[in-house]
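Colleague: If you scroll down you'll find the structure; I have some questions about it.
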Amino acid sequence: MSAERDLTRLVAGMRPELHPGRYVFTTVDGPAPAGVAPVATVAEREGLTMVVRQEDADAASLAYDYVAGWITLRVHSALDAVGLTAAVARELAEAGLSCNVVAGFHHDHLFVEHARAHEALATLNDLSERAGTSFT
């Protein structure tokens with residue numbers, strides 16, 4: 001399957017999926033500690049930022065201050081597609097929801113405030129549904 005670039009098709013086909021669990025952003029000076037399996041990493045000058053399950057961070061005594069829900073947009077978005085992140089961020093911002101986006105090769109992954117993750121999912125489903133009506 002080839003990656004999608006058309007913004008309307010991207011938004012209409014997002015099919016957001018909320019993963020179970022609680023996720024946190026943390027940082028270490030080196031590799032991930034034993035027993036910690038990050039779902040995302042970013043190498044920064046200040047250290048290795050990791051997104052990990054909260055229970056893994058707690059078990060490894062890693063500090064964090066933001067607990068997130070993880071939503072995957074299941075549409076296969078092209079890395080050079082224009083506007084999907086902006087459309088999603090704008091919709092969530094209008095609902096007062098924070099969002100941290102990580103792009104994978106196949107999908108975009110959103111980390112939203114855990115306490116409001118179901119609200120974020122509903123907001124994204126509504127956006128997708130509205131975009132889908134433009135095809136009919």
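Ligands are numbered from 1 in the order shown, residues from 1 within each chain, and chains are lettered A, B, ... in the order they appear in the structure tokens.
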Any chance you could list, as a PyMOL selection string, the residues in chain A that come up strand (DSSP E or B) when DSSP is run on the backbone?

Modeller: chain A and resi 4+17-18+23-28+40-44+47-53+67-73+77+100-103+108-113

Colleague: Please list as JSON, numbers by chain every residue within 7 Å of stretch 64-77 of chain A, counting only C-alpha atoms and excluding residues in the same chain fewer than 4 positions away.

Modeller: {"A": [3, 4, 5, 10, 13, 14, 15, 16, 17, 18, 19, 21, 22, 23, 24, 25, 26, 81, 106, 107, 108, 109, 110, 111, 112, 113, 114, 117]}

Colleague: Export, as a PDB file, in the first residue's frame, the selected residues with C-alpha atoms.

Modeller:
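Written output follows (out10.pdb):
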```pdb
ATOM      1  CA  ALA A   3       1.446   6.283   1.482  1.00  0.00           C
ATOM      2  CA  GLU A   4      -1.329   8.868   1.229  1.00  0.00           C
ATOM      3  CA  ARG A   5      -0.550  12.533   0.509  1.00  0.00           C
ATOM      4  CA  LEU A  10      -5.628  11.571   5.195  1.00  0.00           C
ATOM      5  CA  GLY A  13      -9.033   7.919   6.732  1.00  0.00           C
ATOM      6  CA  MET A  14      -7.262   8.590  10.076  1.00  0.00           C
ATOM      7  CA  ARG A  15      -9.012   5.764  11.965  1.00  0.00           C
ATOM      8  CA  PRO A  16      -7.525   6.892  15.301  1.00  0.00           C
ATOM      9  CA  GLU A  17      -6.830   4.095  17.751  1.00  0.00           C
ATOM     10  CA  LEU A  18      -6.275   4.602  21.483  1.00  0.00           C
ATOM     11  CA  HIS A  19      -3.709   2.178  22.899  1.00  0.00           C
ATOM     12  CA  GLY A  21      -2.119   2.107  29.186  1.00  0.00           C
ATOM     13  CA  ARG A  22      -0.444   5.259  30.420  1.00  0.00           C
ATOM     14  CA  TYR A  23       2.689   6.666  28.789  1.00  0.00           C
ATOM     15  CA  VAL A  24       5.243   9.187  30.027  1.00  0.00           C
ATOM     16  CA  PHE A  25       8.053  11.266  28.576  1.00  0.00           C
ATOM     17  CA  THR A  26      11.343  10.874  30.404  1.00  0.00           C
ATOM     18  CA  ALA A  81       2.359  14.904   3.180  1.00  0.00           C
ATOM     19  CA  HIS A 106       3.865   4.369   8.449  1.00  0.00           C
ATOM     20  CA  HIS A 107       1.761   6.298  10.954  1.00  0.00           C
ATOM     21  CA  ASP A 108       1.555   9.377  13.138  1.00  0.00           C
ATOM     22  CA  HIS A 109       1.362   8.861  16.881  1.00  0.00           C
ATOM     23  CA  LEU A 110      -0.253  11.353  19.228  1.00  0.00           C
ATOM     24  CA  PHE A 111       0.381  11.599  22.942  1.00  0.00           C
ATOM     25  CA  VAL A 112      -2.438  13.456  24.680  1.00  0.00           C
ATOM     26  CA  GLU A 113      -3.260  14.086  28.325  1.00  0.00           C
ATOM     27  CA  HIS A 114      -4.224  10.664  29.677  1.00  0.00           C
ATOM     28  CA  ALA A 117      -7.569  10.668  25.966  1.00  0.00           C
TER      29      ALA A 117
END
```

Colleague: Show which residues sit within 7 Å of stretch 48-62 of chain A, as a list in words. Count only C-alpha atoms, and ignore same-chain residues fewer than 5 positions away.

Modeller: Arg22, Tyr23, Val24, Phe25, Thr26, Thr27, Val28, Asp29, Gly30, Val36, Ala37, Pro38, Val39, Ala40, Thr41, Val42 and Ala43 of chain A

Colleague: For the selection you just gave me, I'd like the residues written to a file as a short mmCIF file (atom, residue, chain, number, x, y, z; two decimals), in the first residue's frame, keeping all heavy atoms.

Modeller:
```cif
data_model
loop_
_atom_site.label_atom_id
_atom_site.label_comp_id
_atom_site.auth_asym_id
_atom_site.auth_seq_id
_atom_site.Cartn_x
_atom_site.Cartn_y
_atom_site.Cartn_z
N ARG A 22 -0.86 3.89 30.12
CA ARG A 22 -0.44 5.26 30.42
C ARG A 22 1.01 5.37 30.00
O ARG A 22 1.81 4.48 30.31
CB ARG A 22 -0.61 5.54 31.91
CG ARG A 22 -2.05 5.37 32.39
CD ARG A 22 -2.15 5.24 33.91
NE ARG A 22 -1.75 6.42 34.62
CZ ARG A 22 -2.56 7.40 35.01
NH1 ARG A 22 -3.85 7.30 34.78
NH2 ARG A 22 -2.10 8.44 35.65
N TYR A 23 1.35 6.47 29.34
CA TYR A 23 2.69 6.67 28.79
C TYR A 23 3.27 7.97 29.31
O TYR A 23 2.53 8.94 29.55
CB TYR A 23 2.64 6.67 27.25
CG TYR A 23 2.16 5.33 26.74
CD1 TYR A 23 0.80 5.06 26.64
CD2 TYR A 23 3.06 4.32 26.42
CE1 TYR A 23 0.35 3.82 26.22
CE2 TYR A 23 2.62 3.09 26.01
CZ TYR A 23 1.27 2.84 25.91
OH TYR A 23 0.84 1.60 25.51
N VAL A 24 4.58 8.00 29.50
CA VAL A 24 5.24 9.19 30.03
C VAL A 24 6.46 9.53 29.18
O VAL A 24 7.04 8.66 28.52
CB VAL A 24 5.67 9.00 31.50
CG1 VAL A 24 4.44 8.73 32.38
CG2 VAL A 24 6.69 7.89 31.66
N PHE A 25 6.82 10.79 29.21
CA PHE A 25 8.05 11.27 28.58
C PHE A 25 9.09 11.38 29.68
O PHE A 25 8.84 11.97 30.72
CB PHE A 25 7.84 12.65 27.94
CG PHE A 25 7.03 12.62 26.68
CD1 PHE A 25 5.67 12.34 26.70
CD2 PHE A 25 7.64 12.89 25.46
CE1 PHE A 25 4.93 12.33 25.53
CE2 PHE A 25 6.90 12.87 24.28
CZ PHE A 25 5.54 12.60 24.32
N THR A 26 10.26 10.81 29.44
CA THR A 26 11.34 10.87 30.40
C THR A 26 12.65 11.01 29.64
O THR A 26 12.68 10.88 28.41
CB THR A 26 11.33 9.64 31.33
OG1 THR A 26 12.28 9.81 32.38
CG2 THR A 26 11.59 8.35 30.57
N THR A 27 13.73 11.24 30.34
CA THR A 27 15.02 11.39 29.67
C THR A 27 16.12 10.73 30.49
O THR A 27 16.03 10.67 31.72
CB THR A 27 15.34 12.89 29.41
OG1 THR A 27 16.52 13.00 28.63
CG2 THR A 27 15.50 13.67 30.69
N VAL A 28 17.12 10.21 29.80
CA VAL A 28 18.28 9.57 30.44
C VAL A 28 19.56 10.03 29.74
O VAL A 28 19.52 10.48 28.60
CB VAL A 28 18.20 8.02 30.39
CG1 VAL A 28 17.03 7.52 31.22
CG2 VAL A 28 18.09 7.50 28.97
N ASP A 29 20.68 9.92 30.45
CA ASP A 29 21.99 10.25 29.88
C ASP A 29 22.65 8.98 29.34
O ASP A 29 23.62 8.52 29.90
CB ASP A 29 22.91 10.85 30.95
CG ASP A 29 22.46 12.20 31.42
OD1 ASP A 29 21.84 12.92 30.63
OD2 ASP A 29 22.72 12.52 32.59
N GLY A 30 22.16 8.41 28.30
CA GLY A 30 22.72 7.17 27.75
C GLY A 30 21.60 6.31 27.23
O GLY A 30 20.51 6.79 26.93
N VAL A 36 13.31 -1.31 30.35
CA VAL A 36 12.52 -0.21 29.81
C VAL A 36 12.53 -0.33 28.29
O VAL A 36 13.59 -0.32 27.66
CB VAL A 36 13.09 1.16 30.24
CG1 VAL A 36 12.33 2.29 29.57
CG2 VAL A 36 13.04 1.30 31.76
N ALA A 37 11.34 -0.47 27.70
CA ALA A 37 11.21 -0.61 26.25
C ALA A 37 10.47 0.61 25.70
O ALA A 37 9.24 0.64 25.69
CB ALA A 37 10.45 -1.89 25.91
N PRO A 38 11.19 1.62 25.24
CA PRO A 38 10.54 2.83 24.74
C PRO A 38 9.67 2.55 23.52
O PRO A 38 10.02 1.72 22.68
CB PRO A 38 11.71 3.74 24.35
CG PRO A 38 12.92 3.15 24.99
CD PRO A 38 12.65 1.70 25.16
N VAL A 39 8.55 3.28 23.42
CA VAL A 39 7.74 3.23 22.21
C VAL A 39 8.21 4.28 21.23
O VAL A 39 7.88 4.22 20.05
CB VAL A 39 6.23 3.36 22.50
CG1 VAL A 39 5.76 2.20 23.36
CG2 VAL A 39 5.89 4.68 23.13
N ALA A 40 8.97 5.26 21.72
CA ALA A 40 9.56 6.30 20.86
C ALA A 40 10.76 6.89 21.57
O ALA A 40 10.79 6.94 22.80
CB ALA A 40 8.55 7.39 20.55
N THR A 41 11.75 7.29 20.79
CA THR A 41 12.92 7.95 21.36
C THR A 41 13.32 9.13 20.47
O THR A 41 13.07 9.12 19.26
CB THR A 41 14.14 7.01 21.47
OG1 THR A 41 14.50 6.56 20.16
CG2 THR A 41 13.86 5.82 22.37
N VAL A 42 13.94 10.10 21.10
CA VAL A 42 14.52 11.24 20.38
C VAL A 42 15.86 11.53 21.04
O VAL A 42 15.92 11.76 22.25
CB VAL A 42 13.62 12.50 20.45
CG1 VAL A 42 14.29 13.67 19.74
CG2 VAL A 42 12.25 12.22 19.86
N ALA A 43 16.93 11.50 20.24
CA ALA A 43 18.25 11.82 20.76
C ALA A 43 18.43 13.33 20.74
O ALA A 43 18.41 13.94 19.67
CB ALA A 43 19.33 11.13 19.93
#
```

Colleague: Enumerate the residues of stretch 8-121 of chain A with a DSSP assignment of helix (DSSP H, G or I), computed from the backbone, and present them as a ChimeraX atom specification.

Modeller: /A:8-12,54-59,84-94,114-121

Colleague: Using only C-alpha atoms, determine which residues lie at most 8 Å from stretch 88-96 of chain A, disregarding the query and same-chain residues fewer than 5 positions distant; provide the list as a PyMOL selection string.

Modeller: chain A and resi 120+123-124+127

Colleague: In terms of the shortest atom-to-atom distance over only C-alpha atoms, which of A:Asp80, A:Thr85, A:Thr133, A:Glu46 is closest to A:Val101?

Modeller: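 Among the listed residues, A:Thr85 lies closest to A:Val101.
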
Colleague: Give me, please, the distance in Å between atom CA of A:Gly35 and atom CA of A:Gly104, quoted to one decimal.

Modeller: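 Interatomic distance here is 22.8 Å.
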
Colleague: Take atom CA of A:Ala86 and atom CA of A:Leu121 and report the distance between them in Å, one decimal.

Modeller: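 Rounded to one decimal, the two atoms are 16.4 Å apart.
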
Colleague: Separation of atom CA of A:Ser128 and atom CA of A:Leu7, in Å?

Modeller: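 Between atom CA of A:Ser128 and atom CA of A:Leu7 the gap works out to 11.0 Å.
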
Colleague: With only C-alpha atoms as the basis for distance, which of A:Ala103, A:Ala115, A:Val82, A:Ser98 is at the shortest distance from A:Arg9?

Modeller: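 Answer, going by the shortest atom-to-atom distance: A:Val82.
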